[in-house]
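> Contents of structure_5.txt (compact mmCIF, N, CA and C atoms) are given next:
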```txt
# COMPACT_ATOMS: atom_id res chain seq x y z
N MET A 899 0.85 -1.17 0.00
CA MET A 899 0.00 0.00 0.00
C MET A 899 0.89 1.23 0.00
N THR A 900 0.63 2.19 -0.88
CA THR A 900 1.42 3.41 -0.97
C THR A 900 0.49 4.59 -0.82
N SER A 901 0.94 5.58 -0.04
CA SER A 901 0.19 6.82 0.05
C SER A 901 1.16 7.98 -0.07
N ALA A 902 0.71 9.09 -0.58
CA ALA A 902 1.56 10.26 -0.77
C ALA A 902 1.10 11.37 0.15
N LEU A 903 2.07 12.18 0.57
CA LEU A 903 1.78 13.30 1.45
C LEU A 903 2.51 14.51 0.90
N LEU A 904 1.84 15.63 0.77
CA LEU A 904 2.45 16.87 0.30
C LEU A 904 2.86 17.68 1.51
N THR A 905 4.16 17.97 1.63
CA THR A 905 4.66 18.74 2.77
C THR A 905 4.50 20.23 2.49
N ASP A 906 4.81 21.08 3.49
CA ASP A 906 4.72 22.53 3.35
C ASP A 906 5.61 23.05 2.22
N GLU A 907 6.72 22.36 1.99
CA GLU A 907 7.64 22.79 0.93
C GLU A 907 7.20 22.31 -0.44
N GLY A 908 6.08 21.61 -0.51
CA GLY A 908 5.58 21.14 -1.79
C GLY A 908 6.25 19.85 -2.25
N VAL A 909 6.87 19.13 -1.34
CA VAL A 909 7.56 17.89 -1.68
C VAL A 909 6.64 16.72 -1.33
N PHE A 910 6.59 15.77 -2.21
CA PHE A 910 5.80 14.57 -1.95
C PHE A 910 6.64 13.57 -1.16
N LEU A 911 6.08 13.09 -0.12
CA LEU A 911 6.69 12.00 0.64
C LEU A 911 5.82 10.78 0.44
N TYR A 912 6.44 9.67 0.23
CA TYR A 912 5.70 8.44 0.02
C TYR A 912 5.83 7.55 1.25
N ASN A 913 4.71 7.07 1.70
CA ASN A 913 4.67 6.18 2.85
C ASN A 913 4.35 4.79 2.32
N LEU A 914 5.35 3.93 2.33
CA LEU A 914 5.15 2.57 1.87
C LEU A 914 4.95 1.67 3.07
N ARG A 915 3.89 0.94 3.08
CA ARG A 915 3.68 -0.03 4.15
C ARG A 915 4.60 -1.21 3.85
N MET A 916 5.48 -1.51 4.82
CA MET A 916 6.49 -2.52 4.59
C MET A 916 6.12 -3.83 5.28
N SER A 917 6.70 -4.89 4.77
CA SER A 917 6.49 -6.18 5.42
C SER A 917 7.38 -6.26 6.65
N SER A 918 7.14 -7.25 7.50
CA SER A 918 7.92 -7.37 8.73
C SER A 918 9.40 -7.62 8.44
N GLN A 919 9.73 -8.21 7.28
CA GLN A 919 11.14 -8.42 6.96
C GLN A 919 11.83 -7.09 6.66
N GLU A 920 11.10 -6.09 6.19
CA GLU A 920 11.69 -4.81 5.85
C GLU A 920 11.73 -3.86 7.03
N VAL A 921 10.98 -4.12 8.08
CA VAL A 921 10.95 -3.27 9.26
C VAL A 921 11.50 -4.09 10.42
N PRO A 922 12.78 -3.87 10.76
CA PRO A 922 13.40 -4.72 11.78
C PRO A 922 12.68 -4.71 13.13
N ILE A 923 12.08 -3.60 13.51
CA ILE A 923 11.42 -3.56 14.82
C ILE A 923 10.24 -4.53 14.87
N VAL A 924 9.58 -4.72 13.74
CA VAL A 924 8.45 -5.65 13.70
C VAL A 924 8.94 -7.07 14.01
N SER A 925 10.00 -7.48 13.35
CA SER A 925 10.57 -8.81 13.59
C SER A 925 11.04 -8.94 15.03
N PHE A 926 11.67 -7.88 15.54
CA PHE A 926 12.16 -7.90 16.92
C PHE A 926 11.00 -8.08 17.90
N LEU A 927 9.94 -7.29 17.72
CA LEU A 927 8.78 -7.39 18.62
C LEU A 927 8.12 -8.75 18.54
N GLN A 928 8.00 -9.29 17.34
CA GLN A 928 7.41 -10.61 17.18
C GLN A 928 8.24 -11.67 17.90
N GLU A 929 9.55 -11.53 17.83
CA GLU A 929 10.43 -12.49 18.50
C GLU A 929 10.30 -12.35 20.03
N VAL A 930 10.25 -11.12 20.53
CA VAL A 930 10.08 -10.91 21.97
C VAL A 930 8.76 -11.53 22.43
N MET A 931 7.69 -11.29 21.69
CA MET A 931 6.39 -11.85 22.07
C MET A 931 6.41 -13.38 22.00
N ARG A 932 7.06 -13.93 20.99
CA ARG A 932 7.14 -15.39 20.86
C ARG A 932 7.90 -15.98 22.04
N ARG A 933 9.05 -15.41 22.36
CA ARG A 933 9.88 -15.96 23.44
C ARG A 933 9.22 -15.81 24.80
N ARG A 934 8.50 -14.70 25.01
CA ARG A 934 7.87 -14.48 26.31
C ARG A 934 6.44 -14.98 26.34
N LYS A 935 5.99 -15.55 25.22
CA LYS A 935 4.63 -16.10 25.11
C LYS A 935 3.59 -15.04 25.47
N ARG A 936 3.68 -13.91 24.79
CA ARG A 936 2.79 -12.78 25.06
C ARG A 936 2.03 -12.41 23.79
N LEU A 937 0.81 -11.97 23.98
CA LEU A 937 0.01 -11.40 22.90
C LEU A 937 0.31 -9.91 22.82
N PRO A 938 -0.04 -9.26 21.70
CA PRO A 938 0.20 -7.82 21.61
C PRO A 938 -0.42 -7.03 22.77
N SER A 939 -1.62 -7.39 23.18
CA SER A 939 -2.26 -6.67 24.28
C SER A 939 -1.50 -6.87 25.59
N GLN A 940 -0.94 -8.07 25.79
CA GLN A 940 -0.16 -8.33 27.00
C GLN A 940 1.17 -7.58 26.96
N LEU A 941 1.80 -7.54 25.80
CA LEU A 941 3.04 -6.78 25.65
C LEU A 941 2.78 -5.31 25.96
N ALA A 942 1.69 -4.78 25.44
CA ALA A 942 1.33 -3.38 25.69
C ALA A 942 1.19 -3.13 27.19
N ALA A 943 0.47 -3.99 27.88
CA ALA A 943 0.29 -3.83 29.32
C ALA A 943 1.62 -3.93 30.06
N ASP A 944 2.46 -4.87 29.65
CA ASP A 944 3.77 -5.05 30.29
C ASP A 944 4.64 -3.80 30.13
N LEU A 945 4.55 -3.16 28.96
CA LEU A 945 5.39 -1.99 28.68
C LEU A 945 4.75 -0.68 29.14
N GLY A 946 3.47 -0.73 29.50
CA GLY A 946 2.79 0.49 29.92
C GLY A 946 2.43 1.41 28.77
N VAL A 947 2.14 0.81 27.61
CA VAL A 947 1.69 1.58 26.45
C VAL A 947 0.34 1.01 26.02
N SER A 948 -0.33 1.72 25.13
CA SER A 948 -1.65 1.24 24.69
C SER A 948 -1.52 0.09 23.69
N HIS A 949 -2.58 -0.70 23.62
CA HIS A 949 -2.64 -1.80 22.65
C HIS A 949 -2.55 -1.22 21.23
N ALA A 950 -3.17 -0.08 21.00
CA ALA A 950 -3.12 0.55 19.67
C ALA A 950 -1.69 0.92 19.29
N THR A 951 -0.91 1.36 20.27
CA THR A 951 0.49 1.71 20.01
C THR A 951 1.27 0.49 19.56
N VAL A 952 1.13 -0.62 20.28
CA VAL A 952 1.83 -1.85 19.90
C VAL A 952 1.35 -2.31 18.52
N ASN A 953 0.07 -2.20 18.23
CA ASN A 953 -0.43 -2.57 16.90
C ASN A 953 0.19 -1.72 15.80
N ARG A 954 0.38 -0.42 16.06
CA ARG A 954 1.04 0.44 15.06
C ARG A 954 2.49 0.02 14.86
N TRP A 955 3.17 -0.36 15.94
CA TRP A 955 4.55 -0.84 15.81
C TRP A 955 4.58 -2.12 14.98
N LEU A 956 3.68 -3.04 15.29
CA LEU A 956 3.67 -4.34 14.62
C LEU A 956 3.26 -4.24 13.15
N SER A 957 2.48 -3.22 12.81
CA SER A 957 2.08 -3.06 11.42
C SER A 957 3.08 -2.21 10.63
N GLY A 958 4.10 -1.68 11.31
CA GLY A 958 5.09 -0.85 10.63
C GLY A 958 4.64 0.57 10.41
N GLN A 959 3.51 0.96 11.01
CA GLN A 959 3.00 2.32 10.83
C GLN A 959 3.70 3.34 11.72
N ASP A 960 4.35 2.87 12.78
CA ASP A 960 4.99 3.76 13.73
C ASP A 960 6.16 3.01 14.35
N ILE A 961 7.05 3.75 15.01
CA ILE A 961 8.16 3.14 15.72
C ILE A 961 8.12 3.58 17.17
N PRO A 962 8.70 2.78 18.06
CA PRO A 962 8.71 3.16 19.47
C PRO A 962 9.52 4.44 19.72
N SER A 963 9.06 5.23 20.66
CA SER A 963 9.81 6.42 21.08
C SER A 963 11.05 5.97 21.84
N ILE A 964 11.93 6.90 22.14
CA ILE A 964 13.13 6.57 22.91
C ILE A 964 12.73 6.03 24.28
N LYS A 965 11.71 6.64 24.90
CA LYS A 965 11.24 6.16 26.20
C LYS A 965 10.74 4.72 26.09
N SER A 966 9.99 4.42 25.05
CA SER A 966 9.50 3.05 24.84
C SER A 966 10.65 2.09 24.54
N CYS A 967 11.67 2.59 23.85
CA CYS A 967 12.85 1.75 23.58
C CYS A 967 13.54 1.36 24.88
N ARG A 968 13.60 2.30 25.83
CA ARG A 968 14.19 1.98 27.15
C ARG A 968 13.40 0.86 27.82
N LYS A 969 12.07 0.97 27.77
CA LYS A 969 11.22 -0.06 28.36
C LYS A 969 11.43 -1.40 27.66
N LEU A 970 11.52 -1.37 26.33
CA LEU A 970 11.76 -2.60 25.57
C LEU A 970 13.10 -3.23 25.93
N ALA A 971 14.12 -2.40 26.14
CA ALA A 971 15.44 -2.91 26.51
C ALA A 971 15.37 -3.61 27.87
N GLU A 972 14.73 -2.98 28.83
CA GLU A 972 14.60 -3.60 30.15
C GLU A 972 13.78 -4.88 30.06
N TYR A 973 12.73 -4.84 29.29
CA TYR A 973 11.80 -5.97 29.19
C TYR A 973 12.43 -7.17 28.47
N SER A 974 13.18 -6.90 27.41
CA SER A 974 13.71 -7.97 26.58
C SER A 974 15.11 -8.41 26.98
N GLY A 975 15.83 -7.54 27.71
CA GLY A 975 17.21 -7.86 28.05
C GLY A 975 18.19 -7.53 26.94
N VAL A 976 17.71 -6.89 25.89
CA VAL A 976 18.56 -6.49 24.77
C VAL A 976 19.12 -5.09 25.09
N PRO A 977 20.40 -4.84 24.83
CA PRO A 977 20.97 -3.53 25.13
C PRO A 977 20.20 -2.40 24.44
N LEU A 978 20.07 -1.27 25.16
CA LEU A 978 19.32 -0.13 24.65
C LEU A 978 19.87 0.34 23.30
N GLY A 979 21.18 0.41 23.16
CA GLY A 979 21.78 0.87 21.90
C GLY A 979 21.36 0.03 20.72
N LYS A 980 21.26 -1.27 20.93
CA LYS A 980 20.83 -2.17 19.83
C LYS A 980 19.38 -1.89 19.45
N ILE A 981 18.52 -1.70 20.46
CA ILE A 981 17.11 -1.43 20.16
C ILE A 981 16.97 -0.08 19.46
N LEU A 982 17.69 0.94 19.95
CA LEU A 982 17.64 2.25 19.30
C LEU A 982 18.11 2.16 17.85
N SER A 983 19.08 1.30 17.60
CA SER A 983 19.57 1.09 16.24
C SER A 983 18.53 0.35 15.39
N ILE A 984 17.90 -0.67 15.96
CA ILE A 984 16.87 -1.42 15.24
C ILE A 984 15.73 -0.50 14.83
N VAL A 985 15.33 0.37 15.75
CA VAL A 985 14.20 1.27 15.50
C VAL A 985 14.56 2.36 14.51
N GLY A 986 15.84 2.78 14.51
CA GLY A 986 16.26 3.83 13.60
C GLY A 986 16.61 5.14 14.29
N HIS A 987 16.60 5.14 15.63
CA HIS A 987 16.98 6.35 16.37
C HIS A 987 18.50 6.55 16.37
N LEU A 988 19.25 5.47 16.15
CA LEU A 988 20.71 5.52 16.05
C LEU A 988 21.12 4.84 14.76
N PRO A 989 22.32 5.18 14.26
CA PRO A 989 22.80 4.47 13.07
C PRO A 989 22.94 2.99 13.37
N LYS A 990 22.88 2.20 12.33
CA LYS A 990 23.00 0.75 12.49
C LYS A 990 24.35 0.43 13.12
N VAL A 991 24.33 -0.45 14.10
CA VAL A 991 25.57 -0.90 14.72
C VAL A 991 26.07 -2.10 13.95
N ALA A 992 27.39 -2.22 13.90
CA ALA A 992 27.98 -3.35 13.19
C ALA A 992 27.57 -4.64 13.89
N GLU A 993 27.05 -5.52 13.12
CA GLU A 993 26.58 -6.80 13.67
C GLU A 993 27.76 -7.71 13.93
N THR A 994 27.82 -8.25 15.11
CA THR A 994 28.78 -9.30 15.39
C THR A 994 28.04 -10.62 15.26
N ALA A 995 28.75 -11.63 14.99
CA ALA A 995 28.10 -12.93 14.83
C ALA A 995 27.45 -13.31 16.16
N PRO A 996 26.16 -13.59 16.14
CA PRO A 996 25.50 -13.97 17.39
C PRO A 996 26.02 -15.32 17.86
N PRO A 997 26.07 -15.50 19.17
CA PRO A 997 26.50 -16.81 19.64
C PRO A 997 25.52 -17.87 19.15
N ASP A 998 26.02 -19.02 18.88
CA ASP A 998 25.18 -20.09 18.36
C ASP A 998 24.56 -20.85 19.52
N TRP A 999 23.70 -20.15 20.26
CA TRP A 999 23.04 -20.74 21.42
C TRP A 999 21.67 -21.24 21.01
N PRO A 1000 21.37 -22.48 21.34
CA PRO A 1000 20.02 -22.97 21.05
C PRO A 1000 19.04 -22.41 22.07
N GLU A 1001 17.79 -22.42 21.75
CA GLU A 1001 16.77 -22.05 22.72
C GLU A 1001 16.79 -23.10 23.82
N PHE A 1002 16.27 -22.75 24.98
CA PHE A 1002 16.34 -23.64 26.13
C PHE A 1002 15.75 -25.01 25.82
N ARG A 1003 14.61 -25.03 25.17
CA ARG A 1003 13.95 -26.30 24.89
C ARG A 1003 14.87 -27.23 24.08
N GLU A 1004 15.52 -26.68 23.08
CA GLU A 1004 16.43 -27.47 22.26
C GLU A 1004 17.66 -27.90 23.07
N TYR A 1005 18.17 -26.96 23.87
CA TYR A 1005 19.31 -27.27 24.74
C TYR A 1005 18.97 -28.41 25.69
N ALA A 1006 17.79 -28.34 26.31
CA ALA A 1006 17.37 -29.37 27.26
C ALA A 1006 17.25 -30.73 26.57
N ARG A 1007 16.74 -30.74 25.35
CA ARG A 1007 16.61 -32.00 24.61
C ARG A 1007 17.98 -32.62 24.33
N GLN A 1008 18.96 -31.73 24.00
CA GLN A 1008 20.29 -32.23 23.68
C GLN A 1008 21.04 -32.70 24.92
N MET A 1009 20.96 -31.92 25.99
CA MET A 1009 21.75 -32.19 27.18
C MET A 1009 21.11 -33.22 28.12
N TYR A 1010 19.80 -33.25 28.18
CA TYR A 1010 19.10 -34.11 29.13
C TYR A 1010 17.97 -34.90 28.45
N PRO A 1011 18.30 -35.66 27.44
CA PRO A 1011 17.24 -36.34 26.69
C PRO A 1011 16.44 -37.34 27.53
N ASP A 1012 17.08 -37.95 28.52
CA ASP A 1012 16.37 -38.95 29.33
C ASP A 1012 15.84 -38.39 30.63
N GLU A 1013 16.43 -37.29 31.11
CA GLU A 1013 16.08 -36.76 32.41
C GLU A 1013 14.87 -35.81 32.37
N LEU A 1014 14.73 -35.05 31.30
CA LEU A 1014 13.68 -34.03 31.23
C LEU A 1014 12.65 -34.39 30.16
N ASP A 1015 11.39 -34.48 30.56
CA ASP A 1015 10.33 -34.67 29.58
C ASP A 1015 9.75 -33.30 29.22
N GLU A 1016 8.81 -33.26 28.29
CA GLU A 1016 8.25 -31.99 27.81
C GLU A 1016 7.62 -31.16 28.93
N ASP A 1017 6.94 -31.82 29.85
CA ASP A 1017 6.31 -31.10 30.96
C ASP A 1017 7.34 -30.40 31.84
N MET A 1018 8.45 -31.07 32.10
CA MET A 1018 9.49 -30.47 32.94
C MET A 1018 10.15 -29.29 32.22
N VAL A 1019 10.40 -29.45 30.92
CA VAL A 1019 11.00 -28.36 30.15
C VAL A 1019 10.06 -27.16 30.15
N THR A 1020 8.77 -27.39 29.96
CA THR A 1020 7.79 -26.31 29.98
C THR A 1020 7.78 -25.64 31.35
N MET A 1021 7.86 -26.42 32.41
CA MET A 1021 7.86 -25.88 33.76
C MET A 1021 9.11 -25.01 33.99
N ILE A 1022 10.27 -25.47 33.53
CA ILE A 1022 11.51 -24.70 33.69
C ILE A 1022 11.43 -23.41 32.89
N GLU A 1023 10.92 -23.49 31.65
CA GLU A 1023 10.75 -22.27 30.85
C GLU A 1023 9.84 -21.28 31.55
N ASP A 1024 8.78 -21.77 32.16
CA ASP A 1024 7.86 -20.91 32.90
C ASP A 1024 8.56 -20.25 34.09
N LEU A 1025 9.38 -21.01 34.80
CA LEU A 1025 10.13 -20.45 35.92
C LEU A 1025 11.11 -19.37 35.46
N ILE A 1026 11.78 -19.62 34.34
CA ILE A 1026 12.70 -18.62 33.78
C ILE A 1026 11.94 -17.35 33.43
N GLU A 1027 10.79 -17.52 32.80
CA GLU A 1027 9.98 -16.36 32.41
C GLU A 1027 9.50 -15.59 33.64
N ARG A 1028 9.09 -16.30 34.68
CA ARG A 1028 8.66 -15.63 35.91
C ARG A 1028 9.80 -14.83 36.53
N ARG A 1029 11.01 -15.40 36.51
CA ARG A 1029 12.17 -14.69 37.05
C ARG A 1029 12.44 -13.42 36.24
N ARG A 1030 12.37 -13.53 34.91
CA ARG A 1030 12.56 -12.35 34.06
C ARG A 1030 11.52 -11.29 34.37
N GLN A 1031 10.27 -11.72 34.50
CA GLN A 1031 9.18 -10.77 34.79
C GLN A 1031 9.39 -10.12 36.14
N LYS A 1032 9.83 -10.88 37.11
CA LYS A 1032 10.08 -10.34 38.45
C LYS A 1032 11.18 -9.28 38.41
N LYS A 1033 12.27 -9.58 37.67
CA LYS A 1033 13.37 -8.61 37.52
C LYS A 1033 12.87 -7.36 36.81
N TYR A 1034 12.07 -7.56 35.75
CA TYR A 1034 11.56 -6.41 34.99
C TYR A 1034 10.67 -5.55 35.86
N ASN A 1035 9.76 -6.17 36.61
CA ASN A 1035 8.86 -5.41 37.47
C ASN A 1035 9.62 -4.68 38.57
N ALA A 1036 10.68 -5.29 39.09
CA ALA A 1036 11.48 -4.64 40.12
C ALA A 1036 12.21 -3.44 39.54
N SER A 1037 12.68 -3.53 38.31
CA SER A 1037 13.41 -2.41 37.69
C SER A 1037 12.48 -1.24 37.34
N LYS A 1038 11.19 -1.52 37.14
CA LYS A 1038 10.23 -0.45 36.82
C LYS A 1038 10.00 0.47 38.01
N HIS A 1039 10.26 -0.01 39.22
CA HIS A 1039 9.95 0.77 40.42
C HIS A 1039 11.08 1.68 40.84
N PHE A 1040 12.21 1.66 40.12
CA PHE A 1040 13.33 2.53 40.47
C PHE A 1040 13.30 3.81 39.72
```
Could I get this structure in the form of structure tokens?

Amino acid sequence: MTSALLTDEGVFLYNLRMSSQEVPIVSFLQEVMRRRKRLPSQLAADLGVSHATVNRWLSGQDIPSIKSCRKLAEYSGVPLGKILSIVGHLPKVAETAPPDWPEFREYARQMYPDELDEDMVTMIEDLIERRRQKKYNASKHF
């Protein structure tokens, strides 16, 4: 979808609605929600922003403010500079090769194939998520 806007200087600006692959913040938010098992409305509540705001971010219509980026950094555990770069508030940072760490579920299957069943892995993931949420909530009060 393309729309044009005429500015005061008489210049046309084109607003192209981009796919999630073209808007890095969309992919980032989707990954955060997937890992934390959150819906957009839950993410909005966790960050203290409106559901409509998160929907605009996810649709590529808007980007998080610097204040929201700080909240996202605390919430996700990703450094603020990286989030500001993903959003476009800072120039792109040089990507270093990410560590080749499997997700916990995959790690547990590889390391403890006989000791941990699916229910135990799910329970451990839930405990990890609760700990993250507890840390995040504690940091919001400072």
> What gap, in Å, lies between CA of Pro989 in chain A and CA of Tyr973 in chain A?
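That distance, rounded to one decimal, is 22.1 Å.
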> Pick the closest to Val1019 in chain A from A:Ile923, A:Ile964, A:Leu970, A:Ala1006: which is it, counting only C-alpha atoms?
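Selected residue with least distance to Val1019 in chain A: A:Ala1006.
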> Which parts of range 919-957 of chain A does DSSP call helix (DSSP H, G or I) when run on the backbone here, written out as JSON, numbers by chain?
{"A": [922, 923, 924, 925, 926, 927, 928, 929, 930, 931, 932, 933, 934, 938, 939, 940, 941, 942, 943, 944, 945, 949, 950, 951, 952, 953, 954, 955, 956, 957]}
> Which distance in Å separates CA of Leu978 in chain A and CA of Thr1020 in chain A, to one decimal?
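Interatomic distance here is 29.1 Å.
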> Compare A:Lys1033, A:Ile984, A:Ser974, A:Gln1008 by their minimum atom-to-atom distance to Arg934 in chain A, counting only C-alpha atoms, and give me the closest one.
A:Ser974
> Between CA of Leu1014 in chain A and CA of Leu937 in chain A, what distance in Å does the model show, to one decimal?
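Value for the CA of Leu1014 in chain A-CA of Leu937 in chain A distance: 27.7 Å.
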> Go through A:Leu927, A:Lys935, A:Glu972, A:Ala942 and flag the residue nearest Asn1035 in chain A, using all atoms listed in the file for the distances.
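Distance minimum relative to Asn1035 in chain A lands on A:Glu972.
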> Kindly indicate which residue among A:Ser963, A:Gly958, A:Tyr1034, A:Glu1023 lies nearest to Glu1001 in chain A, using only C-alpha atoms for the distances.
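Smallest separation from Glu1001 in chain A among the options: A:Glu1023.
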> Which of these residues is nearest to Ser966 in chain A, using only C-alpha atoms: A:Gly946, A:Ala1036, A:Gly979, A:Asn953?
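That would be A:Gly946, the residue with the smallest distance to Ser966 in chain A.
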